[in-house]
file start34.txt (compact mmCIF, C-alpha atoms)
# COMPACT_ATOMS: atom_id res chain seq x y z
CA MET A 1 114.36 87.74 93.61
CA PRO A 2 111.27 87.84 91.34
CA SER A 3 110.42 90.86 89.20
CA GLN A 4 106.83 90.52 90.38
CA LEU A 5 104.97 89.14 93.38
CA TYR A 6 102.73 86.19 92.51
CA ASN A 7 102.27 84.26 95.77
CA ILE A 8 102.40 85.43 99.40
CA LEU A 9 102.56 82.93 102.26
CA VAL A 10 101.03 83.81 105.66
CA PRO A 11 101.66 81.14 108.34
CA ILE A 12 98.58 80.87 110.56
CA ASP A 13 98.42 79.76 114.20
CA PHE A 14 95.07 81.44 114.95
CA ASN A 15 96.44 84.25 117.12
CA ALA A 16 95.63 87.95 116.89
CA ARG A 17 99.02 88.64 115.26
CA ASN A 18 97.90 86.60 112.22
CA ARG A 19 95.37 89.29 111.38
CA TRP A 20 98.06 91.96 111.07
CA ALA A 21 99.94 89.72 108.64
CA ILE A 22 96.80 88.98 106.60
CA THR A 23 95.93 92.67 106.43
CA LYS A 24 99.38 93.46 105.05
CA ALA A 25 99.09 90.59 102.57
CA ILE A 26 95.74 91.99 101.39
CA GLU A 27 97.34 95.41 100.81
CA LEU A 28 100.12 93.91 98.71
CA SER A 29 97.72 91.68 96.82
CA ASN A 30 95.61 94.69 95.90
CA SER A 31 98.75 96.41 94.57
CA PHE A 32 100.32 93.46 92.73
CA GLY A 33 97.37 91.16 92.01
CA CYS A 34 99.09 88.25 93.77
CA ASN A 35 97.59 85.25 95.57
CA ILE A 36 97.60 84.85 99.36
CA HIS A 37 98.22 81.43 100.91
CA LEU A 38 97.00 80.97 104.49
CA VAL A 39 98.79 77.89 105.83
CA HIS A 40 98.36 76.23 109.24
CA VAL A 41 100.82 73.54 110.32
CA ARG A 42 99.70 71.04 112.94
CA SER A 43 102.43 69.26 114.85
CA SER A 44 102.72 65.48 114.82
CA ARG A 45 101.67 65.48 118.47
CA ASP A 46 98.48 67.38 117.63
CA LYS A 47 97.76 64.89 114.89
CA MET A 48 98.24 61.94 117.25
CA PHE A 49 95.85 63.19 119.91
CA THR A 50 93.11 64.80 117.83
CA ARG A 51 93.34 62.83 114.57
CA HIS A 52 91.09 64.12 111.80
CA THR A 53 88.92 66.21 114.11
CA GLY A 54 91.65 68.77 114.74
CA GLN A 55 92.50 69.03 111.06
CA GLU A 56 88.86 69.60 110.11
CA THR A 57 88.50 72.24 112.82
CA ALA A 58 91.63 74.06 111.62
CA TYR A 59 90.38 73.96 108.03
CA ARG A 60 87.00 75.42 109.03
CA LYS A 61 88.79 78.24 110.85
CA LEU A 62 90.82 78.97 107.74
CA GLU A 63 87.63 78.99 105.68
CA LEU A 64 86.18 81.63 108.01
CA LEU A 65 89.33 83.75 107.67
CA ARG A 66 89.21 83.44 103.90
CA ALA A 67 85.53 84.44 103.77
CA GLU A 68 86.20 87.45 106.00
CA TYR A 69 89.20 88.81 104.11
CA LYS A 70 88.08 87.87 100.61
CA GLN A 71 85.74 90.87 100.71
CA GLN A 72 88.76 93.17 101.02
CA LEU A 73 90.42 91.93 97.82
CA CYS A 74 89.90 94.30 94.91
CA GLY A 75 92.25 92.80 92.32
CA ASN A 76 92.80 89.45 90.63
CA GLY A 77 94.38 87.79 93.65
CA ARG A 78 92.86 84.77 95.39
CA ILE A 79 93.10 83.43 98.94
CA GLU A 80 94.19 79.79 99.17
CA ILE A 81 94.03 77.79 102.41
CA SER A 82 95.90 74.66 103.52
CA VAL A 83 96.32 72.58 106.68
CA LEU A 84 99.59 70.62 106.92
CA SER A 85 100.92 68.19 109.53
CA GLY A 86 104.47 67.64 110.72
CA ASN A 87 107.49 69.75 111.61
CA HIS A 88 106.53 73.42 111.30
CA SER A 89 109.60 74.77 109.50
CA GLN A 90 110.00 71.72 107.24
CA GLN A 91 106.37 71.83 106.16
CA LEU A 92 106.56 75.55 105.40
CA LEU A 93 109.75 75.10 103.37
CA GLN A 94 108.21 72.27 101.36
CA TYR A 95 105.10 74.36 100.71
CA ILE A 96 107.23 77.34 99.65
CA GLN A 97 109.09 75.23 97.11
CA LYS A 98 106.07 73.31 95.83
CA TYR A 99 103.87 76.35 95.23
CA GLU A 100 106.64 78.84 94.40
CA MET A 101 106.08 81.47 97.07
CA ASP A 102 107.64 84.91 96.60
CA LEU A 103 107.18 86.47 100.06
CA VAL A 104 106.38 85.37 103.61
CA ILE A 105 104.51 87.68 105.99
CA THR A 106 104.36 87.04 109.72
CA GLY A 107 102.76 88.99 112.56
CA LEU A 108 104.64 89.91 115.72
CA SER A 109 103.38 89.67 119.29
CA ARG A 110 103.14 92.84 121.32
CA PHE A 111 104.40 91.57 124.68
CA ASN A 112 105.01 87.79 124.53
CA LEU A 113 108.75 87.40 125.19
CA LEU A 114 108.86 83.67 124.45
CA HIS A 115 107.17 84.17 121.11
CA ARG A 116 109.53 87.00 120.27
CA VAL A 117 112.61 84.90 120.99
CA ALA A 118 111.27 81.94 119.01
CA SER A 119 110.12 84.13 116.15
CA ALA A 120 113.44 85.97 115.92
CA VAL A 121 115.13 82.62 115.31
CA SER A 122 112.44 81.34 112.93
CA ILE A 123 112.37 84.53 110.84
CA SER A 124 116.13 84.45 110.33
CA ARG A 125 116.17 80.70 109.66
CA LEU A 126 113.20 80.82 107.27
CA ALA A 127 114.68 83.72 105.30
CA THR A 128 118.00 81.91 105.00
CA LYS A 129 116.72 78.44 104.12
CA SER A 130 113.89 79.50 101.82
CA GLN A 131 115.84 82.38 100.24
CA LEU A 132 112.60 84.37 100.45
CA PRO A 133 111.98 87.79 101.96
CA VAL A 134 110.22 87.48 105.33
CA LEU A 135 108.20 90.56 106.27
CA ALA A 136 107.48 90.99 109.99
CA VAL A 137 104.65 93.36 110.94
CA ARG A 138 102.98 94.39 114.15
CA SER A 139 99.64 96.09 114.74
CA SER A 140 101.27 99.54 114.73
CA GLY A 141 103.05 98.91 111.42
CA LEU A 142 100.10 98.52 109.07
CA VAL A 143 100.89 101.37 106.70
CA CYS A 144 99.19 101.23 103.32
CA HIS A 145 102.25 102.24 101.33
CA TYR A 146 106.04 102.11 101.29
CA LYS A 147 107.07 105.65 100.41
CA LYS A 148 110.35 105.53 102.36
CA ILE A 149 112.39 102.32 102.28
CA VAL A 150 115.58 102.14 104.37
CA LEU A 151 118.23 99.65 103.28
CA PRO A 152 121.35 99.34 105.47
CA VAL A 153 124.57 98.32 103.71
CA SER A 154 127.37 96.37 105.39
CA GLY A 155 130.12 94.18 103.95
CA GLU A 156 128.74 93.71 100.45
CA VAL A 157 126.29 95.22 97.98
CA PRO A 158 122.86 93.81 98.97
CA ILE A 159 121.71 92.76 95.49
CA ARG A 160 118.59 90.83 96.55
CA GLN A 161 117.42 93.62 98.88
CA ILE A 162 117.97 96.14 96.09
CA ARG A 163 115.84 94.15 93.67
CA LEU A 164 113.01 93.90 96.19
CA ALA A 165 113.31 97.61 97.00
CA ALA A 166 113.10 98.40 93.29
CA LEU A 167 110.02 96.18 92.91
CA LEU A 168 108.21 97.84 95.80
CA GLY A 169 109.54 101.27 94.85
CA ARG A 170 108.00 101.10 91.38
CA ALA A 171 104.61 100.10 92.80
CA PHE A 172 104.51 102.65 95.62
CA ARG A 173 106.63 105.43 94.08
CA SER A 174 109.10 105.11 96.91
CA THR A 175 112.42 106.66 97.78
CA VAL A 176 115.14 104.19 98.81
CA TYR A 177 117.58 105.31 101.51
CA PHE A 178 120.91 103.45 101.64
CA VAL A 179 122.60 103.79 105.01
CA SER A 180 125.91 102.61 106.42
CA LEU A 181 128.03 103.42 109.46
CA ARG A 182 130.56 106.19 109.01
CA GLN A 183 133.29 103.93 110.42
CA HIS A 184 132.64 101.58 107.50
CA ALA A 185 133.25 104.33 104.95
CA ASP A 186 137.01 103.65 104.80
CA GLY A 187 139.06 100.70 103.53
CA GLU A 188 137.46 98.05 101.34
CA ASN A 189 133.94 99.36 102.06
CA LYS A 190 134.73 102.89 100.93
CA ASN A 191 132.74 102.69 97.71
CA LEU A 192 130.03 100.34 98.96
CA LEU A 193 127.25 102.93 99.03
CA ALA A 194 128.26 104.22 95.59
CA GLN A 195 128.12 100.68 94.22
CA ALA A 196 124.69 100.13 95.74
CA LEU A 197 123.45 103.35 94.16
CA GLU A 198 124.76 102.25 90.76
CA VAL A 199 123.00 98.89 91.02
CA VAL A 200 119.58 100.27 91.86
CA GLN A 201 119.87 102.99 89.21
CA SER A 202 120.76 100.36 86.61
CA ILE A 203 117.53 98.41 87.17
CA SER A 204 115.06 101.10 88.22
CA THR A 205 114.23 104.80 88.14
CA VAL A 206 113.29 104.76 91.82
CA PRO A 207 114.78 107.82 93.63
CA VAL A 208 117.73 106.90 95.84
CA GLN A 209 119.64 108.71 98.60
CA SER A 210 122.59 107.56 100.70
CA PHE A 211 123.65 108.50 104.23
CA LEU A 212 126.59 107.72 106.51
CA LEU A 213 125.38 107.28 110.07
CA GLU A 214 127.14 107.79 113.37
CA GLY A 215 127.34 104.96 115.89
CA LYS A 216 128.89 101.55 116.44
CA ASN A 217 125.89 99.26 115.86
CA LEU A 218 124.32 99.23 112.40
CA ALA A 219 120.97 97.91 113.63
CA GLN A 220 120.57 100.66 116.23
CA SER A 221 121.76 103.43 113.92
CA THR A 222 119.44 102.20 111.16
CA LEU A 223 116.54 102.14 113.58
CA ASP A 224 117.26 105.67 114.82
CA PHE A 225 117.55 106.99 111.27
CA SER A 226 114.34 105.26 110.18
CA ARG A 227 112.42 106.79 113.05
CA LYS A 228 113.84 110.21 112.27
CA ILE A 229 112.64 110.19 108.65
CA ASN A 230 109.37 108.34 109.43
CA ALA A 231 110.32 105.41 107.22
CA ASP A 232 107.70 102.89 106.11
CA LEU A 233 109.91 99.82 105.67
CA ILE A 234 113.36 98.58 106.71
CA MET A 235 115.21 95.84 104.80
CA VAL A 236 117.85 93.77 106.59
CA ASN A 237 119.98 90.67 106.17
CA PRO A 238 119.67 87.88 108.80
CA VAL A 239 123.19 88.36 110.14
CA ARG A 240 124.78 89.55 113.38
CA ASP A 241 124.99 93.15 112.12
CA PHE A 242 121.25 93.46 112.54
CA GLN A 243 121.04 92.32 116.14
CA LEU A 244 120.65 95.16 118.61
CA PRO A 245 123.48 95.83 121.09
CA GLY A 246 123.44 94.95 124.79
CA LEU A 247 123.57 91.77 126.90
CA TRP A 248 119.78 91.41 127.26
CA ASN A 249 119.29 91.80 123.53
CA ARG A 250 121.88 89.08 122.87
CA ILE A 251 120.24 86.75 125.40
CA THR A 252 116.80 87.24 123.84
CA ASN A 253 118.19 87.28 120.28
CA LYS A 254 116.57 90.67 119.79
CA LEU A 255 116.76 91.43 116.10
CA ILE A 256 115.85 94.83 114.71
CA SER A 257 112.39 93.44 113.81
CA TYR A 258 111.37 93.42 117.47
CA ALA A 259 112.51 96.89 118.41
CA SER A 260 110.94 98.52 115.39
CA ARG A 261 107.40 99.78 115.04
CA ILE A 262 108.29 100.14 111.38
CA PRO A 263 107.77 96.91 109.38
CA VAL A 264 111.02 95.01 108.77
CA VAL A 265 111.65 92.59 105.91
CA THR A 266 114.50 90.09 106.28
CA VAL A 267 116.17 89.11 103.00
CA ALA A 268 118.95 86.53 102.81
CA SER A 269 122.01 87.41 100.74
CA GLY A 270 121.63 84.84 98.01
CA GLY A 271 122.24 81.29 96.94
CA ASN A 272 119.79 78.60 95.97
CA ARG A 273 116.71 77.65 97.93
CA GLU A 274 117.26 74.72 100.17
CA ALA A 275 114.94 72.54 102.18

call {"tool": "encode", "arguments": {"input": "start34.txt", "output": "structure tokens"}}
result
Amino acid sequence: MPSQLYNILVPIDFNARNRWAITKAIELSNSFGCNIHLVHVRSSRDKMFTRHTGQETAYRKLELLRAEYKQQLCGNGRIEISVLSGNHSQQLLQYIQKYEMDLVITGLSRFNLLHRVASAVSISRLATKSQLPVLAVRSSGLVCHYKKIVLPVSGEVPIRQIRLAALLGRAFRSTVYFVSLRQHADGENKNLLAQALEVVQSISTVPVQSFLLEGKNLAQSTLDFSRKINADLIMVNPVRDFQLPGLWNRITNKLISYASRIPVVTVASGGNREA
């Protein structure tokens, strides 16, 4: 996890949800001075049927987006644009590695179930394979700050989430809230929250609080707690613990990202980036 944000990737498919992601990227760029990369991936099928015409059209659309949002930048950050062709996830992963991205931001649909199911899978997969944080935002989650960051703890001390929380916390003068289920407070996880507190305090002066929550599902309890305190950001790991309970939620792969009006950033546990 970087100690600074230098490059933010925003995948573009020219839907309204892209604008929510770009707006959030602009806010972070104005705080950290980082560059924003607007990247559109055309499938091989699109390339076959439309040849260069489709690529030129996509590039012109990206130019219009850049011209529109460039006026909102007030720091040293730039907006870069690219049109790629091929498999969507593979092209994004290659771009991430080649240009050393630090964060991915994606917009969420309001009502499109198919997009939600597909995006739930792609967010988790992209976070895991790229080893980058993937921030999912919707139109109702465009806060201009991260004063209250909620970080659920389960199974192990979330080092990478802690580092990102510390980075954002320093910039926005945040308070980080560690939460875990009360039933996890015994046995080998007894000191997990205390260990998490020690880690964040060793690398940052960001204020930290910890809470044991009632309930049987960490995702649902985290969501309820975050709503109660009016949190601005939730950090999760792309694992089963952060899938909401219930048969329908399992069928639709409903991660906490899609039930939350609060922005959710998915951060993989660790390891090296892989293509």

call {"tool": "residues_around", "arguments": {"input": "start34.txt", "residues": "Leu65 in chain A", "least_positions_apart": "2", "cutoff": "10 Å", "atoms": "only C-alpha atoms", "output": "PyMOL selection string"}}
result
chain A and resi 14+19+22+38+59-63+67-70+79+81

call {"tool": "write_last_selection", "arguments": {"input": "start34.txt", "atoms": "C-alpha atoms", "output": "mmCIF file, in the coordinates of the input"}}
result
data_model
loop_
_atom_site.group_PDB
_atom_site.id
_atom_site.type_symbol
_atom_site.label_atom_id
_atom_site.label_comp_id
_atom_site.auth_asym_id
_atom_site.auth_seq_id
_atom_site.Cartn_x
_atom_site.Cartn_y
_atom_site.Cartn_z
ATOM 1 C CA PHE A 14 95.070 81.440 114.950
ATOM 2 C CA ARG A 19 95.370 89.290 111.380
ATOM 3 C CA ILE A 22 96.800 88.980 106.600
ATOM 4 C CA LEU A 38 97.000 80.970 104.490
ATOM 5 C CA TYR A 59 90.380 73.960 108.030
ATOM 6 C CA ARG A 60 87.000 75.420 109.030
ATOM 7 C CA LYS A 61 88.790 78.240 110.850
ATOM 8 C CA LEU A 62 90.820 78.970 107.740
ATOM 9 C CA GLU A 63 87.630 78.990 105.680
ATOM 10 C CA ALA A 67 85.530 84.440 103.770
ATOM 11 C CA GLU A 68 86.200 87.450 106.000
ATOM 12 C CA TYR A 69 89.200 88.810 104.110
ATOM 13 C CA LYS A 70 88.080 87.870 100.610
ATOM 14 C CA ILE A 79 93.100 83.430 98.940
ATOM 15 C CA ILE A 81 94.030 77.790 102.410
#

call {"tool": "closest_residue", "arguments": {"input": "start34.txt", "among": "A:Ser204, A:Asn18, A:Gln4, A:Gln183", "to": "Leu218 in chain A", "atoms": "only C-alpha atoms"}}
result
A:Gln183

call {"tool": "atom_distance", "arguments": {"input": "start34.txt", "atom1": "CA of Gln209 in chain A", "atom2": "CA of Ile159 in chain A"}}
result
16.4 Å

call {"tool": "closest_residue", "arguments": {"input": "start34.txt", "among": "A:Gln71, A:Asn217, A:Gln161, A:Asn15", "to": "Met235 in chain A", "atoms": "only C-alpha atoms"}}
result
A:Gln161

call {"tool": "closest_residue", "arguments": {"input": "start34.txt", "among": "A:Thr205, A:Asn30, A:Ser85, A:Gln90", "to": "Arg173 in chain A", "atoms": "all atoms listed in the file"}}
result
A:Thr205

call {"tool": "closest_residue", "arguments": {"input": "start34.txt", "among": "A:Leu5, A:Val153, A:Ala16, A:Leu181", "to": "Ala196 in chain A", "atoms": "only C-alpha atoms"}}
result
A:Val153

call {"tool": "closest_residue", "arguments": {"input": "start34.txt", "among": "A:Arg66, A:His40, A:Lys216, A:His88", "to": "Ser180 in chain A", "atoms": "all atoms listed in the file"}}
result
A:Lys216

call {"tool": "atom_distance", "arguments": {"input": "start34.txt", "atom1": "CA of Thr57 in chain A", "atom2": "CA of Val10 in chain A"}}
result
18.5 Å

call {"tool": "closest_residue", "arguments": {"input": "start34.txt", "among": "A:Leu132, A:Leu167, A:Leu213, A:His145", "to": "Asn237 in chain A", "atoms": "all atoms listed in the file"}}
result
A:Leu132

call {"tool": "residues_around", "arguments": {"input": "start34.txt", "residues": "His37 in chain A", "least_positions_apart": "6", "cutoff": "9 Å", "atoms": "all atoms listed in the file", "output": "list in words"}}
result
Asn7, Ile8, Leu9, Val10, Pro11, Arg78, Ile79, Glu80, Ile81, Ser82 and Met101 of chain A

call {"tool": "residues_near_point", "arguments": {"input": "start34.txt", "point": "(117.8, 101.9, 102.3)", "cutoff": "12 Å", "atoms": "all atoms listed in the file", "output": "number ranges by chain"}}
result
A: 146-154, 157-158, 161-166, 169, 174-180, 193, 196-197, 200, 206-212, 222-223, 225-226, 229, 231-236, 264-265

call {"tool": "write_last_selection", "arguments": {"input": "start34.txt", "atoms": "C-alpha atoms", "output": "PDB file, in the frame of the given file"}}
result
ATOM      1  CA  TYR A 146     106.040 102.110 101.290  1.00  0.00           C
ATOM      2  CA  LYS A 147     107.070 105.650 100.410  1.00  0.00           C
ATOM      3  CA  LYS A 148     110.350 105.530 102.360  1.00  0.00           C
ATOM      4  CA  ILE A 149     112.390 102.320 102.280  1.00  0.00           C
ATOM      5  CA  VAL A 150     115.580 102.140 104.370  1.00  0.00           C
ATOM      6  CA  LEU A 151     118.230  99.650 103.280  1.00  0.00           C
ATOM      7  CA  PRO A 152     121.350  99.340 105.470  1.00  0.00           C
ATOM      8  CA  VAL A 153     124.570  98.320 103.710  1.00  0.00           C
ATOM      9  CA  SER A 154     127.370  96.370 105.390  1.00  0.00           C
ATOM     10  CA  VAL A 157     126.290  95.220  97.980  1.00  0.00           C
ATOM     11  CA  PRO A 158     122.860  93.810  98.970  1.00  0.00           C
ATOM     12  CA  GLN A 161     117.420  93.620  98.880  1.00  0.00           C
ATOM     13  CA  ILE A 162     117.970  96.140  96.090  1.00  0.00           C
ATOM     14  CA  ARG A 163     115.840  94.150  93.670  1.00  0.00           C
ATOM     15  CA  LEU A 164     113.010  93.900  96.190  1.00  0.00           C
ATOM     16  CA  ALA A 165     113.310  97.610  97.000  1.00  0.00           C
ATOM     17  CA  ALA A 166     113.100  98.400  93.290  1.00  0.00           C
ATOM     18  CA  GLY A 169     109.540 101.270  94.850  1.00  0.00           C
ATOM     19  CA  SER A 174     109.100 105.110  96.910  1.00  0.00           C
ATOM     20  CA  THR A 175     112.420 106.660  97.780  1.00  0.00           C
ATOM     21  CA  VAL A 176     115.140 104.190  98.810  1.00  0.00           C
ATOM     22  CA  TYR A 177     117.580 105.310 101.510  1.00  0.00           C
ATOM     23  CA  PHE A 178     120.910 103.450 101.640  1.00  0.00           C
ATOM     24  CA  VAL A 179     122.600 103.790 105.010  1.00  0.00           C
ATOM     25  CA  SER A 180     125.910 102.610 106.420  1.00  0.00           C
ATOM     26  CA  LEU A 193     127.250 102.930  99.030  1.00  0.00           C
ATOM     27  CA  ALA A 196     124.690 100.130  95.740  1.00  0.00           C
ATOM     28  CA  LEU A 197     123.450 103.350  94.160  1.00  0.00           C
ATOM     29  CA  VAL A 200     119.580 100.270  91.860  1.00  0.00           C
ATOM     30  CA  VAL A 206     113.290 104.760  91.820  1.00  0.00           C
ATOM     31  CA  PRO A 207     114.780 107.820  93.630  1.00  0.00           C
ATOM     32  CA  VAL A 208     117.730 106.900  95.840  1.00  0.00           C
ATOM     33  CA  GLN A 209     119.640 108.710  98.600  1.00  0.00           C
ATOM     34  CA  SER A 210     122.590 107.560 100.700  1.00  0.00           C
ATOM     35  CA  PHE A 211     123.650 108.500 104.230  1.00  0.00           C
ATOM     36  CA  LEU A 212     126.590 107.720 106.510  1.00  0.00           C
ATOM     37  CA  THR A 222     119.440 102.200 111.160  1.00  0.00           C
ATOM     38  CA  LEU A 223     116.540 102.140 113.580  1.00  0.00           C
ATOM     39  CA  PHE A 225     117.550 106.990 111.270  1.00  0.00           C
ATOM     40  CA  SER A 226     114.340 105.260 110.180  1.00  0.00           C
ATOM     41  CA  ILE A 229     112.640 110.190 108.650  1.00  0.00           C
ATOM     42  CA  ALA A 231     110.320 105.410 107.220  1.00  0.00           C
ATOM     43  CA  ASP A 232     107.700 102.890 106.110  1.00  0.00           C
ATOM     44  CA  LEU A 233     109.910  99.820 105.670  1.00  0.00           C
ATOM     45  CA  ILE A 234     113.360  98.580 106.710  1.00  0.00           C
ATOM     46  CA  MET A 235     115.210  95.840 104.800  1.00  0.00           C
ATOM     47  CA  VAL A 236     117.850  93.770 106.590  1.00  0.00           C
ATOM     48  CA  VAL A 264     111.020  95.010 108.770  1.00  0.00           C
ATOM     49  CA  VAL A 265     111.650  92.590 105.910  1.00  0.00           C
TER      50      VAL A 265
END

call {"tool": "atom_distance", "arguments": {"input": "start34.txt", "atom1": "CA of Val267 in chain A", "atom2": "CA of Gly75 in chain A"}}
result
26.5 Å

call {"tool": "build_atoms", "arguments": {"input": "start34.txt", "residues": "range 79-88 of chain A", "atoms": "all heavy atoms", "output": "PDB file, keeping the file's coordinate frame"}}
result
ATOM      1  N   ILE A  79      92.634  83.914  97.644  1.00  0.00           N
ATOM      2  CA  ILE A  79      93.100  83.430  98.940  1.00  0.00           C
ATOM      3  C   ILE A  79      92.997  81.910  98.949  1.00  0.00           C
ATOM      4  O   ILE A  79      91.902  81.357  98.823  1.00  0.00           O
ATOM      5  CB  ILE A  79      92.297  84.025 100.101  1.00  0.00           C
ATOM      6  CG1 ILE A  79      92.428  85.557 100.121  1.00  0.00           C
ATOM      7  CG2 ILE A  79      92.776  83.445 101.437  1.00  0.00           C
ATOM      8  CD1 ILE A  79      91.645  86.227 101.232  1.00  0.00           C
ATOM      9  N   GLU A  80      94.143  81.249  99.080  1.00  0.00           N
ATOM     10  CA  GLU A  80      94.190  79.790  99.170  1.00  0.00           C
ATOM     11  C   GLU A  80      94.414  79.390 100.619  1.00  0.00           C
ATOM     12  O   GLU A  80      95.084  80.105 101.379  1.00  0.00           O
ATOM     13  CB  GLU A  80      95.339  79.240  98.312  1.00  0.00           C
ATOM     14  CG  GLU A  80      95.354  79.729  96.867  1.00  0.00           C
ATOM     15  CD  GLU A  80      94.269  79.074  96.027  1.00  0.00           C
ATOM     16  OE1 GLU A  80      93.614  78.140  96.532  1.00  0.00           O
ATOM     17  OE2 GLU A  80      94.091  79.510  94.875  1.00  0.00           O
ATOM     18  N   ILE A  81      93.858  78.251 101.036  1.00  0.00           N
ATOM     19  CA  ILE A  81      94.030  77.790 102.410  1.00  0.00           C
ATOM     20  C   ILE A  81      94.518  76.346 102.422  1.00  0.00           C
ATOM     21  O   ILE A  81      94.149  75.553 101.557  1.00  0.00           O
ATOM     22  CB  ILE A  81      92.735  77.924 103.247  1.00  0.00           C
ATOM     23  CG1 ILE A  81      91.597  77.123 102.609  1.00  0.00           C
ATOM     24  CG2 ILE A  81      92.342  79.389 103.394  1.00  0.00           C
ATOM     25  CD1 ILE A  81      90.321  77.113 103.444  1.00  0.00           C
ATOM     26  N   SER A  82      95.366  76.015 103.408  1.00  0.00           N
ATOM     27  CA  SER A  82      95.900  74.660 103.520  1.00  0.00           C
ATOM     28  C   SER A  82      96.173  74.338 104.986  1.00  0.00           C
ATOM     29  O   SER A  82      96.593  75.213 105.756  1.00  0.00           O
ATOM     30  CB  SER A  82      97.197  74.492 102.725  1.00  0.00           C
ATOM     31  OG  SER A  82      96.974  74.663 101.342  1.00  0.00           O
ATOM     32  N   VAL A  83      95.949  73.093 105.363  1.00  0.00           N
ATOM     33  CA  VAL A  83      96.320  72.580 106.680  1.00  0.00           C
ATOM     34  C   VAL A  83      97.330  71.465 106.469  1.00  0.00           C
ATOM     35  O   VAL A  83      97.058  70.491 105.756  1.00  0.00           O
ATOM     36  CB  VAL A  83      95.097  72.042 107.456  1.00  0.00           C
ATOM     37  CG1 VAL A  83      95.540  71.464 108.803  1.00  0.00           C
ATOM     38  CG2 VAL A  83      94.070  73.137 107.662  1.00  0.00           C
ATOM     39  N   LEU A  84      98.520  71.603 107.054  1.00  0.00           N
ATOM     40  CA  LEU A  84      99.590  70.620 106.920  1.00  0.00           C
ATOM     41  C   LEU A  84      99.883  70.000 108.278  1.00  0.00           C
ATOM     42  O   LEU A  84      99.543  70.565 109.320  1.00  0.00           O
ATOM     43  CB  LEU A  84     100.855  71.297 106.375  1.00  0.00           C
ATOM     44  CG  LEU A  84     100.687  72.162 105.119  1.00  0.00           C
ATOM     45  CD1 LEU A  84     102.009  72.830 104.778  1.00  0.00           C
ATOM     46  CD2 LEU A  84     100.179  71.334 103.948  1.00  0.00           C
ATOM     47  N   SER A  85     100.538  68.855 108.281  1.00  0.00           N
ATOM     48  CA  SER A  85     100.920  68.190 109.530  1.00  0.00           C
ATOM     49  C   SER A  85     102.386  67.813 109.486  1.00  0.00           C
ATOM     50  O   SER A  85     102.894  67.375 108.442  1.00  0.00           O
ATOM     51  CB  SER A  85     100.067  66.927 109.735  1.00  0.00           C
ATOM     52  OG  SER A  85      98.707  67.252 109.900  1.00  0.00           O
ATOM     53  N   GLY A  86     103.059  67.994 110.636  1.00  0.00           N
ATOM     54  CA  GLY A  86     104.470  67.640 110.720  1.00  0.00           C
ATOM     55  C   GLY A  86     105.286  68.743 111.346  1.00  0.00           C
ATOM     56  O   GLY A  86     104.756  69.623 112.040  1.00  0.00           O
ATOM     57  N   ASN A  87     106.590  68.727 111.092  1.00  0.00           N
ATOM     58  CA  ASN A  87     107.490  69.750 111.610  1.00  0.00           C
ATOM     59  C   ASN A  87     107.170  71.094 110.959  1.00  0.00           C
ATOM     60  O   ASN A  87     107.061  71.189 109.735  1.00  0.00           O
ATOM     61  CB  ASN A  87     108.936  69.356 111.310  1.00  0.00           C
ATOM     62  CG  ASN A  87     109.931  70.398 111.760  1.00  0.00           C
ATOM     63  OD1 ASN A  87     110.253  71.323 111.021  1.00  0.00           O
ATOM     64  ND2 ASN A  87     110.433  70.239 112.973  1.00  0.00           N
ATOM     65  N   HIS A  88     107.017  72.132 111.783  1.00  0.00           N
ATOM     66  CA  HIS A  88     106.530  73.420 111.300  1.00  0.00           C
ATOM     67  C   HIS A  88     107.426  73.998 110.198  1.00  0.00           C
ATOM     68  O   HIS A  88     106.951  74.329 109.099  1.00  0.00           O
ATOM     69  CB  HIS A  88     106.416  74.410 112.462  1.00  0.00           C
ATOM     70  CG  HIS A  88     105.764  75.704 112.104  1.00  0.00           C
ATOM     71  ND1 HIS A  88     106.472  76.808 111.684  1.00  0.00           N
ATOM     72  CD2 HIS A  88     104.461  76.079 112.092  1.00  0.00           C
ATOM     73  CE1 HIS A  88     105.642  77.796 111.426  1.00  0.00           C
ATOM     74  NE2 HIS A  88     104.410  77.379 111.667  1.00  0.00           N
TER      75      HIS A  88
END
